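Asks: Here you go, my_file_20.txt (compact mmCIF, C-alpha atoms):
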# COMPACT_ATOMS: atom_id res chain seq x y z
CA MET S 260 -30.09 -12.46 -4.32
CA LYS S 261 -27.08 -13.50 -2.31
CA VAL S 262 -24.12 -11.17 -2.54
CA ILE S 263 -20.58 -11.44 -1.23
CA LEU S 264 -19.08 -8.15 -0.22
CA ILE S 265 -15.36 -8.32 0.18
CA LEU S 266 -14.27 -5.19 1.94
CA PHE S 267 -10.70 -4.12 2.49
CA VAL S 268 -10.26 -1.45 5.12
CA LEU S 269 -7.03 0.19 6.13
CA PHE S 270 -6.51 2.78 8.82
CA SER S 271 -3.25 4.32 9.69
CA CYS S 272 -2.73 7.19 11.68
CA GLY S 273 14.60 -11.67 4.71
CA TYR S 274 14.30 -14.17 4.02
CA CYS S 275 11.88 -14.81 1.26
CA LYS S 276 12.16 -15.73 -2.36
CA ILE S 277 13.03 -12.67 -4.39
CA GLU S 278 10.75 -13.98 -7.12
CA PHE S 279 7.77 -13.86 -4.79
CA SER S 280 8.48 -10.35 -3.52
CA ASP S 281 8.69 -9.26 -7.16
CA ARG S 282 5.12 -10.49 -7.63
CA ALA S 283 3.73 -8.31 -4.83
CA ARG S 284 5.79 -5.27 -5.86
CA ASN S 285 4.83 -5.40 -9.54
CA PHE S 286 1.16 -5.69 -8.59
CA SER S 287 1.59 -2.73 -6.23
CA VAL S 288 3.06 -0.38 -8.84
CA GLU S 289 0.32 -1.16 -11.35
CA LEU S 290 -2.46 -0.85 -8.76
CA LEU S 291 -1.30 2.57 -7.57
CA TYR S 292 -1.22 3.83 -11.17
CA TYR S 293 -4.83 2.85 -11.89
CA THR S 294 -6.08 3.94 -8.46
CA ALA S 295 -4.38 7.33 -8.69
CA GLU S 296 -5.77 7.74 -12.20
CA GLU S 297 -9.23 6.94 -10.83
CA ILE S 298 -9.13 9.72 -8.21
CA ASN S 299 -7.13 12.37 -10.06
CA TRP S 300 -3.60 11.69 -8.78
CA HIS S 301 -3.86 12.48 -5.09
CA THR S 302 -4.03 9.37 -2.96
CA VAL S 303 -2.65 6.91 -0.44
CA ILE S 304 -3.19 3.15 -0.56
CA SER S 305 -1.64 0.07 0.98
CA PRO S 306 -0.81 -2.22 -1.95
CA PHE S 307 0.62 -4.80 0.44
CA GLY S 308 -2.62 -4.97 2.42
CA ILE S 309 -4.76 -5.19 -0.72
CA TRP S 310 -2.50 -7.82 -2.27
CA SER S 311 -2.56 -9.86 0.96
CA LEU S 312 -6.34 -9.82 1.12
CA ILE S 313 -6.98 -10.71 -2.52
CA THR S 314 -4.33 -13.44 -2.39
CA GLY S 315 -6.40 -15.06 0.35
CA ILE S 316 -9.53 -14.71 -1.78
CA SER S 317 -7.79 -16.51 -4.66
CA LEU S 318 -7.75 -19.73 -2.64
CA GLY S 319 -11.54 -19.82 -2.80
CA ALA S 320 -11.91 -19.09 -6.51
CA THR S 321 -12.34 -21.63 -9.31
CA GLY S 322 -12.45 -21.58 -13.11
CA THR S 323 -11.77 -18.34 -14.95
CA SER S 324 -12.20 -16.37 -11.71
CA ARG S 325 -9.16 -18.13 -10.31
CA GLU S 326 -7.21 -17.77 -13.57
CA GLN S 327 -7.77 -14.01 -13.60
CA LEU S 328 -6.73 -13.72 -9.95
CA MET S 329 -3.56 -15.72 -10.59
CA THR S 330 -2.67 -13.51 -13.56
CA THR S 331 -3.55 -10.13 -12.01
CA LEU S 332 -1.82 -10.84 -8.70
CA ILE S 333 1.08 -12.60 -10.49
CA LEU S 334 0.70 -15.65 -8.25
CA PRO S 335 2.21 -19.14 -8.68
CA LYS S 336 -0.34 -21.74 -9.73
CA LYS S 337 0.72 -24.39 -7.21
CA LYS S 338 -1.02 -23.74 -3.89
CA GLU S 339 1.99 -24.94 -1.92
CA ASN S 340 4.26 -22.40 -3.62
CA LEU S 341 1.67 -19.67 -3.11
CA VAL S 342 1.21 -20.33 0.60
CA ASN S 343 4.93 -20.78 1.33
CA GLY S 344 5.84 -17.66 -0.63
CA TYR S 345 3.12 -15.61 1.03
CA GLN S 346 4.12 -16.68 4.54
CA SER S 347 7.80 -16.09 3.90
CA LEU S 348 7.19 -12.64 2.45
CA THR S 349 4.77 -11.45 5.13
CA THR S 350 7.07 -12.69 7.90
CA ALA S 351 9.95 -10.65 6.47
CA VAL S 352 7.83 -7.53 5.90
CA LEU S 353 6.05 -7.48 9.26
CA ASN S 354 9.04 -8.30 11.49
CA SER S 355 9.92 -4.72 12.40
CA ASN S 356 12.68 -5.56 14.92
CA THR S 357 12.84 -1.94 16.08
CA GLY S 358 10.98 0.23 18.54
CA ALA S 359 11.00 3.11 16.07
CA VAL S 360 8.54 1.37 13.74
CA GLU S 361 5.24 -0.26 14.66
CA LEU S 362 3.63 -2.30 11.89
CA LYS S 363 0.54 -4.45 12.38
CA ASN S 364 -1.47 -6.45 9.88
CA ARG S 365 -4.63 -8.52 10.53
CA ASN S 366 -7.16 -10.32 8.34
CA TYR S 367 -10.76 -10.90 9.44
CA LEU S 368 -13.55 -13.05 7.99
CA PHE S 369 -17.13 -12.19 8.99
CA SER S 370 -19.95 -14.43 7.74
CA ASP S 371 -23.69 -14.28 8.19
CA SER S 372 -25.07 -16.83 10.64
CA ASP S 373 -27.05 -18.74 7.98
CA PHE S 374 -24.39 -18.60 5.26
CA PHE S 375 -22.44 -21.84 4.87
CA ILE S 376 -18.70 -21.55 4.19
CA LYS S 377 -16.64 -24.67 3.55
CA LYS S 378 -14.43 -25.62 6.48
CA ASP S 379 -11.41 -26.16 4.24
CA PHE S 380 -11.55 -22.52 3.12
CA ILE S 381 -11.92 -21.24 6.67
CA ASN S 382 -9.02 -23.41 7.85
CA GLU S 383 -6.91 -22.27 4.90
CA LEU S 384 -7.40 -18.62 5.80
CA ARG S 385 -6.96 -19.22 9.53
CA ASN S 386 -3.82 -21.37 9.28
CA ASN S 387 -2.01 -19.82 6.32
CA PHE S 388 -3.22 -16.22 6.27
CA LYS S 389 -3.70 -15.68 10.03
CA THR S 390 -7.32 -14.74 9.42
CA ILE S 391 -9.71 -14.44 12.36
CA PRO S 392 -13.10 -15.99 11.40
CA THR S 393 -16.29 -14.82 13.09
CA LYS S 394 -19.89 -15.91 12.42
CA LEU S 395 -22.59 -13.43 13.41
CA ASN S 396 -26.09 -12.35 12.50
CA PHE S 397 -25.89 -9.62 9.82
CA LYS S 398 -29.40 -8.44 10.77
CA PRO S 399 -29.82 -5.87 12.11
CA PRO S 400 -26.79 -4.35 10.43
CA GLN S 401 -26.21 -1.87 13.27
CA SER S 402 -25.50 -4.58 15.81
CA ALA S 403 -23.48 -6.59 13.25
CA ALA S 404 -21.17 -3.62 12.66
CA LYS S 405 -20.81 -3.06 16.40
CA ILE S 406 -19.84 -6.69 17.06
CA ALA S 407 -17.47 -6.83 14.09
CA ASN S 408 -15.64 -3.68 15.19
CA GLU S 409 -15.31 -5.09 18.70
CA VAL S 410 -13.71 -8.24 17.24
CA ILE S 411 -11.24 -6.13 15.26
CA LYS S 412 -10.23 -4.25 18.43
CA LYS S 413 -10.09 -7.42 20.51
CA TYR S 414 -7.44 -8.90 18.23
CA GLY S 415 -4.99 -6.05 18.45
CA MET S 416 -6.01 -3.32 16.04
CA ALA S 417 -6.62 -0.06 17.88
CA VAL S 418 -8.92 1.46 15.28
CA SER S 419 -12.57 2.42 15.50
CA ASN S 420 -15.55 2.16 13.18
CA VAL S 421 -13.75 0.08 10.58
CA LEU S 422 -17.01 -1.42 9.35
CA LYS S 423 -20.29 0.47 8.94
CA PRO S 424 -23.88 -0.84 9.14
CA ASP S 425 -24.25 -0.28 5.37
CA ASP S 426 -21.51 -2.85 4.78
CA PHE S 427 -23.79 -5.58 6.11
CA GLU S 428 -26.99 -4.62 4.26
CA ASN S 429 -26.70 -6.95 1.24
CA SER S 430 -23.69 -8.99 2.26
CA ARG S 431 -23.25 -12.62 3.17
CA MET S 432 -19.54 -12.58 3.90
CA ILE S 433 -17.04 -9.80 4.49
CA LEU S 434 -13.27 -10.22 4.31
CA THR S 435 -11.40 -7.35 5.92
CA ASN S 436 -7.74 -6.45 6.16
CA VAL S 437 -6.55 -3.82 8.62
CA ILE S 438 -2.96 -2.60 8.52
CA THR S 439 -1.35 0.18 10.53
CA PHE S 440 2.10 1.74 10.30
CA LYS S 441 3.79 4.19 12.64
CA GLY S 442 7.40 5.12 12.01
CA PHE S 443 9.82 7.70 13.38
CA TRP S 444 12.44 9.24 11.10
CA GLN S 445 16.05 8.28 11.64
CA THR S 446 16.75 12.02 11.31
CA PRO S 447 13.69 14.09 12.34
CA PHE S 448 12.83 17.43 10.79
CA ASN S 449 13.22 20.52 12.99
CA GLU S 450 9.71 21.72 13.80
CA THR S 451 10.87 25.32 14.30
CA LEU S 452 11.90 25.48 10.64
CA THR S 453 8.47 24.50 9.29
CA ASN S 454 6.89 27.40 7.38
CA VAL S 455 3.82 28.01 5.24
CA GLU S 456 5.10 28.06 1.66
CA PRO S 457 3.60 27.94 -1.85
CA PHE S 458 3.02 24.65 -3.69
CA TYR S 459 3.01 24.47 -7.49
CA ASN S 460 1.87 22.16 -10.25
CA GLU S 461 4.36 20.60 -12.67
CA ASN S 462 4.19 23.72 -14.87
CA GLY S 463 5.18 26.11 -12.09
CA LEU S 464 1.72 27.56 -11.43
CA GLN S 465 0.87 27.95 -7.74
CA THR S 466 -2.00 25.68 -6.66
CA GLY S 467 -2.02 26.34 -2.92
CA GLU S 468 0.06 26.43 0.25
CA VAL S 469 1.57 23.81 2.55
CA ASN S 470 3.40 23.61 5.83
CA MET S 471 6.85 22.95 4.40
CA MET S 472 9.26 20.99 6.60
CA HIS S 473 13.02 21.52 6.24
CA LEU S 474 16.03 19.34 6.93
CA GLU S 475 19.68 19.23 5.91
CA GLY S 476 21.71 16.06 6.27
CA SER S 477 23.39 13.10 4.57
CA PHE S 478 20.97 10.90 2.63
CA SER S 479 20.77 8.52 -0.31
CA TYR S 480 19.89 10.75 -3.25
CA SER S 481 20.16 10.50 -7.00
CA THR S 482 18.85 11.68 -10.36
CA PHE S 483 17.36 9.19 -12.81
CA GLU S 484 17.09 10.40 -16.37
CA GLU S 485 15.02 7.39 -17.50
CA ILE S 486 12.11 8.33 -15.23
CA GLU S 487 12.78 12.08 -15.37
CA SER S 488 12.93 12.35 -11.58
CA THR S 489 15.17 12.82 -8.61
CA ILE S 490 14.88 10.25 -5.85
CA LEU S 491 15.39 10.64 -2.12
CA GLU S 492 15.36 8.02 0.65
CA LEU S 493 14.40 8.93 4.22
CA PRO S 494 14.95 5.95 6.55
CA TYR S 495 12.98 5.12 9.68
CA GLY S 496 14.46 3.84 12.93
CA ASN S 497 18.08 3.72 14.02
CA GLU S 498 20.95 3.13 11.65
CA GLU S 499 21.62 -0.43 12.81
CA SER S 500 18.08 -1.72 12.28
CA SER S 501 16.65 0.53 9.59
CA LYS S 502 14.71 -1.80 7.28
CA TYR S 503 11.81 0.56 6.54
CA THR S 504 12.20 3.60 4.38
CA PHE S 505 10.24 6.48 2.83
CA VAL S 506 11.17 6.94 -0.83
CA VAL S 507 10.17 10.07 -2.76
CA LEU S 508 10.22 10.37 -6.55
CA LEU S 509 10.17 14.06 -7.48
CA PRO S 510 9.50 14.58 -11.21
CA TYR S 511 11.52 17.18 -13.06
CA LYS S 512 9.78 20.52 -13.50
CA GLY S 513 7.30 20.26 -16.35
CA VAL S 514 6.92 16.47 -15.98
CA PRO S 515 3.54 15.19 -14.63
CA VAL S 516 3.53 12.40 -12.05
CA SER S 517 1.47 10.32 -14.50
CA THR S 518 4.35 10.42 -16.98
CA VAL S 519 6.80 9.20 -14.35
CA TYR S 520 4.47 6.41 -13.32
CA LYS S 521 4.10 5.18 -16.89
CA LYS S 522 7.89 4.94 -17.07
CA LEU S 523 7.82 2.62 -14.05
CA SER S 524 6.30 0.00 -16.34
CA ILE S 525 9.59 0.06 -18.26
CA VAL S 526 12.11 0.90 -15.53
CA ASN S 527 11.51 -1.52 -12.66
CA LEU S 528 11.17 0.10 -9.24
CA LYS S 529 13.36 -2.63 -7.77
CA ASP S 530 16.17 -1.69 -10.15
CA ILE S 531 15.83 1.99 -9.22
CA ILE S 532 16.11 1.19 -5.51
CA LEU S 533 19.00 -1.19 -6.13
CA LYS S 534 20.89 1.39 -8.22
CA LEU S 535 20.35 4.01 -5.51
CA GLN S 536 21.74 1.59 -2.93
CA ASN S 537 24.72 0.62 -5.12
CA ASP S 538 25.58 4.26 -5.77
CA THR S 539 25.33 5.02 -2.06
CA ASP S 540 27.60 2.06 -1.27
CA MET S 541 30.10 3.26 -3.86
CA TYR S 542 30.04 7.02 -3.30
CA GLY S 543 28.42 7.34 0.14
CA THR S 544 25.50 9.52 1.10
CA ILE S 545 25.54 13.19 0.18
CA GLU S 546 24.45 16.39 1.87
CA VAL S 547 20.90 17.22 0.83
CA ILE S 548 18.79 20.26 1.66
CA ILE S 549 15.28 18.82 1.91
CA SER S 550 11.95 20.62 1.70
CA LEU S 551 8.97 18.29 2.11
CA PRO S 552 5.33 19.17 2.86
CA ARG S 553 3.84 18.07 6.14
CA PHE S 554 0.77 16.29 4.91
CA LYS S 555 -2.21 14.12 5.63
CA ILE S 556 -4.14 12.20 2.98
CA SER S 557 -7.30 10.15 3.38
CA THR S 558 -8.54 7.84 0.64
CA ASN S 559 -11.84 6.01 0.34
CA VAL S 560 -12.04 4.34 -3.05
CA VAL S 561 -13.83 1.40 -4.64
CA LEU S 562 -11.15 -0.68 -6.32
CA ASN S 563 -13.42 -2.55 -8.74
CA ARG S 564 -12.56 -0.39 -11.74
CA PRO S 565 -8.78 -0.19 -11.16
CA LEU S 566 -8.67 -3.98 -10.68
CA ASN S 567 -10.85 -4.44 -13.74
CA LYS S 568 -8.33 -2.47 -15.81
CA MET S 569 -5.66 -4.84 -14.50
CA GLY S 570 -7.61 -7.84 -15.83
CA LEU S 571 -9.79 -8.78 -12.85
CA SER S 572 -13.43 -8.82 -13.99
CA ASP S 573 -15.14 -12.18 -13.44
CA ILE S 574 -15.25 -11.97 -9.64
CA PHE S 575 -17.39 -8.80 -9.87
CA ASP S 576 -19.83 -10.33 -12.39
CA PRO S 577 -22.81 -12.24 -10.87
CA SER S 578 -23.06 -14.41 -13.98
CA ALA S 579 -19.34 -15.20 -14.20
CA ALA S 580 -17.99 -15.30 -10.63
CA SER S 581 -16.95 -18.75 -9.44
CA PHE S 582 -16.11 -19.40 -5.77
CA GLY S 583 -16.65 -23.13 -5.55
CA LYS S 584 -14.01 -23.57 -2.84
CA ILE S 585 -15.79 -21.11 -0.55
CA THR S 586 -19.39 -22.32 -0.77
CA ASP S 587 -21.67 -24.57 -2.81
CA SER S 588 -23.90 -21.59 -3.60
CA ASN S 589 -23.70 -20.65 -7.28
CA ASN S 590 -24.90 -17.05 -7.04
CA ILE S 591 -22.22 -15.32 -5.01
CA PHE S 592 -19.86 -12.68 -6.33
CA VAL S 593 -17.77 -9.76 -5.09
CA SER S 594 -19.98 -6.70 -4.96
CA SER S 595 -17.12 -4.36 -4.17
CA ILE S 596 -13.61 -4.10 -2.82
CA VAL S 597 -13.47 -0.89 -0.83
CA HIS S 598 -10.20 0.61 0.30
CA LYS S 599 -9.92 3.17 3.09
CA ALA S 600 -6.54 4.58 3.99
CA ASP S 601 -5.00 7.46 5.92
CA ILE S 602 -1.42 8.69 6.11
CA GLU S 603 0.21 11.45 8.13
CA VAL S 604 3.74 12.66 7.43
CA THR S 605 5.14 15.04 10.03
CA GLU S 606 8.45 16.31 11.38
CA LYS S 607 8.73 13.26 13.67
CA GLY S 608 7.82 10.57 11.17
CA THR S 609 4.91 8.85 9.49
CA ILE S 610 1.66 7.39 10.65
CA ALA S 611 -0.20 5.39 8.05
CA SER S 612 -3.16 3.63 9.04
CA ALA S 613 15.47 -3.19 -16.06
CA SER S 614 18.65 -1.45 -16.45
CA THR S 615 18.84 2.15 -15.34
CA SER S 616 21.45 4.86 -15.34
CA SER S 617 21.83 7.42 -12.60
CA TYR S 618 23.43 10.83 -12.63
CA PHE S 619 24.56 12.49 -9.45
CA SER S 620 24.70 16.13 -8.62
CA ASP S 621 27.99 17.70 -7.66
CA ARG S 622 28.83 16.04 -4.34
CA MET S 623 30.94 18.97 -3.26
CA MET S 624 27.80 21.10 -2.90
CA PRO S 625 24.60 20.20 -1.02
CA ALA S 626 21.87 18.91 -3.32
CA ASN S 627 18.52 20.67 -3.18
CA PHE S 628 15.44 18.43 -2.96
CA ASN S 629 12.49 20.80 -2.92
CA ALA S 630 9.19 18.88 -3.06
CA ASN S 631 7.08 21.96 -3.71
CA ARG S 632 5.30 20.28 -6.64
CA PRO S 633 3.50 16.92 -7.12
CA PHE S 634 5.51 13.84 -6.13
CA ILE S 635 5.19 10.07 -5.71
CA TYR S 636 6.04 8.35 -2.43
CA PHE S 637 6.52 4.80 -1.19
CA ILE S 638 6.91 3.30 2.28
CA MET S 639 8.99 0.18 1.71
CA GLU S 640 10.47 -2.76 3.57
CA LYS S 641 14.05 -2.89 2.30
CA THR S 642 15.06 -6.55 2.64
CA THR S 643 12.30 -7.52 0.18
CA ASN S 644 11.70 -4.12 -1.46
CA THR S 645 8.00 -4.57 -0.68
CA ILE S 646 5.73 -1.54 -1.00
CA ILE S 647 3.65 -1.29 2.19
CA PHE S 648 2.09 2.11 1.44
CA SER S 649 2.26 4.26 -1.65
CA GLY S 650 0.65 7.37 -3.01
CA VAL S 651 0.80 10.66 -4.84
CA TYR S 652 0.74 14.12 -3.29
CA SER S 653 -0.60 16.76 -5.67
CA LYS S 654 -3.36 18.75 -3.93
CA PRO S 655 -1.81 21.08 -1.34
CA SER S 656 -3.42 21.90 1.99
CA ILE S 657 -2.28 23.29 5.33
CA PHE S 658 -1.73 20.46 7.82
Could you express the structure from this file as structure tokens?

Replies:
Amino acid sequence: MKVILILFVLFSCGYCKIEFSDRARNFSVELLYYTAEEINWHTVISPFGIWSLITGISLGATGTSREQLMTTLILPKKKENLVNGYQSLTTAVLNSNTGAVELKNRNYLFSDSDFFIKKDFINELRNNFKTIPTKLNFKPPQSAAKIANEVIKKYGMAVSNVLKPDDFENSRMILTNVITFKGFWQTPFNETLTNVEPFYNENGLQTGEVNMMHLEGSFSYSTFEEIESTILELPYGNEESSKYTFVVLLPYKGVPVSTVYKKLSIVNLKDIILKLQNDTDMYGTIEVIISLPRFKISTNVVLNRPLNKMGLSDIFDPSAASFGKITDSNNIFVSSIVHKADIEVTEKGTIASASTSSYFSDRMMPANFNANRPFIYFIMEKTTNTIIFSGVYSKPSIF
């Protein structure tokens, strides 16, 4: 039986239509919720990378498979609008314009030597999604993996062992996205102040220890009653060209991160970021005493079930999947979408392969942002408010 395996792999050490950036962001928030729920609320993913890959897949789908992809990814039905919006958004997100942030994104298409893919689909991915197509013999799988990984390195992604021999065992085609992010804080933490300190759950019970980083300075900071959290923004790069930012949502004591995330379905993340920016413009930044764990998270998760909960089911069903624009074969389907991601947050920076009201603390005294309990984080591109990486930190460890 012929099987398509579409594999997303991530390693990490504007001018676009606002409507289109909303599509990617809304998909991102929902995907993180279901993924975090799947692996017990401790994770990192790249919603932007996943969204980019599956958007490319949508061009090859037909029938109800395509309808579900359009709905789940919140994509425009006209191909011209989809392609133009995608290109405009990705150009804005990936144009770092600063030496303090390095962001790379590549798509790859590997197909078995005797598997026929329609030229129109290959050209679509190559021209509009900057995908690098490669045809190779999937047997033996060991040599296929070796060649594929060499191709990934050849085209600018300095990562190793992205694909494994097992990935080629029952596959006919593999679509892969690799995205890396490396950013230096605008204001670094002082390494000499980092100490081993306790970490608690939302109910105040100690669950472990972390290397806690410390910093005091002027930052965008606010309290949002609607999501029962305080929010802090830590920018990357210099002040003149800081378009990437690390945003932390710290739930109030006694409030689980899952509760906050459910509220994000009512209070739009874009509106939260906009209100934070408006308040900063009006009142200025404030002095904040920050305590944030130094952490590293690795995630390896099959996204079939989270995507299924979001309404994407046909593409995983051999009897229902329809990819008539990819191949004339009638028995291909997506066996799995696998996501691998790493993130490191240190004193120097990060390496990562509705209407709301805000209430400010007394600006005469430094605010205290002590992330010694589970929190949600986003790495965002500010001109489009696109979520590049996101995750939840809840299981403490010494890093």

Asks: Which residues are close to stretch 317-326 of chain S, i.e. within 12 Å by all atoms listed in the file, leaving aside same-chain residues fewer than 4 positions away? Reply as number ranges by chain.

Replies: S: 310-313, 330-339, 341-342, 376-384, 387-388, 570-587, 589, 591-593

Asks: Which residue is closest to S:Gly608? Choose from S:Ala359, S:Met541, S:Ile548, S:Ile411 and count only C-alpha atoms.

Replies: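 Between S:Ala359, S:Met541, S:Ile548, S:Ile411, the residue approaching S:Gly608 most closely is S:Ala359.
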
Asks: What gap, in Å, lies between atom CA of S:Phe374 and atom CA of S:Thr393?

Replies: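 Calculated distance between atom CA of S:Phe374 and atom CA of S:Thr393 is 11.9 Å.
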
Asks: Compile the contact shell of S:Asn364 as a ChimeraX atom specification: residues with an atom at most 8 Å away, counting all atoms listed in the file, same-chain residues fewer than 5 positions apart removed.

Replies: /S:308,353,436-439

Asks: Do you have the atom CA of S:Arg385-atom CA of S:Glu409 distance handy?

Replies: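 These two atoms are separated by 18.8 Å.
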
Asks: Would you mind telling me which residue in S:Leu491, S:Phe375, S:Asn343, S:Lys568 lies nearest to S:Ser588 when using only C-alpha atoms?

Replies: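 Comparing S:Leu491, S:Phe375, S:Asn343, S:Lys568 against S:Ser588, the winner is S:Phe375.
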
Asks: Interatomic distance between atom CA of S:Asn497 and atom CA of S:Thr357?

Replies: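 Separation between atom CA of S:Asn497 and atom CA of S:Thr357: 8.0 Å.
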
Asks: Find the residues around stretch 505-511 of chain S up to 7 Å (all atoms listed in the file counted), leave out those fewer than 2 positions away in its own chain, and share them as a list in words.

Replies: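 Here the qualifying residues turn out to be Glu487, Ser488, Thr489, Ile490, Leu491, Glu492, Leu493, Pro494, Gly513, Val514, Pro515, Val516, Val519, Ala630, Phe634, Ile635, Tyr636, Phe637, Ile638 and Met639 of chain S.
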
Asks: With a distance cut-off of 12 Å and only C-alpha atoms, select the neighbouring residues of S:Thr453, excluding the residue or stretch itself and same-chain residues fewer than 6 positions from it, and output the selection as JSON, numbers by chain.

Replies: {"S": [469, 470, 471, 472, 473, 474, 549, 550, 551, 552, 553, 605, 606, 657, 658]}

Asks: Can you work out which one of S:Glu361, S:Glu297, S:Glu461, S:Glu498 has the shortest atom-to-atom distance to S:Ser612, counting all atoms listed in the file?

Replies: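 The shortest atom-to-atom distance to S:Ser612 comes from S:Glu361.
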
Asks: Rank nothing, just name the residue among S:Trp300, S:Tyr345, S:Tyr495, S:Phe286 nearest to S:Gly650, using only C-alpha atoms.

Replies: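 Once distances to S:Gly650 are computed over only C-alpha atoms, the minimum belongs to S:Trp300.
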
Asks: Any idea what's packed within 10 Å of S:Asn356, counting all atoms listed in the file, ignoring anything in its chain fewer than 5 positions away? Could you give it as a VMD selection string?

Replies: chain S and resid 361 496 500 to 502

Asks: I need the residue nearest S:Thr539 from this list: S:Ser557, S:Phe478, S:Ser517, S:Ser649. Use only C-alpha atoms for the distance.

Replies: S:Phe478
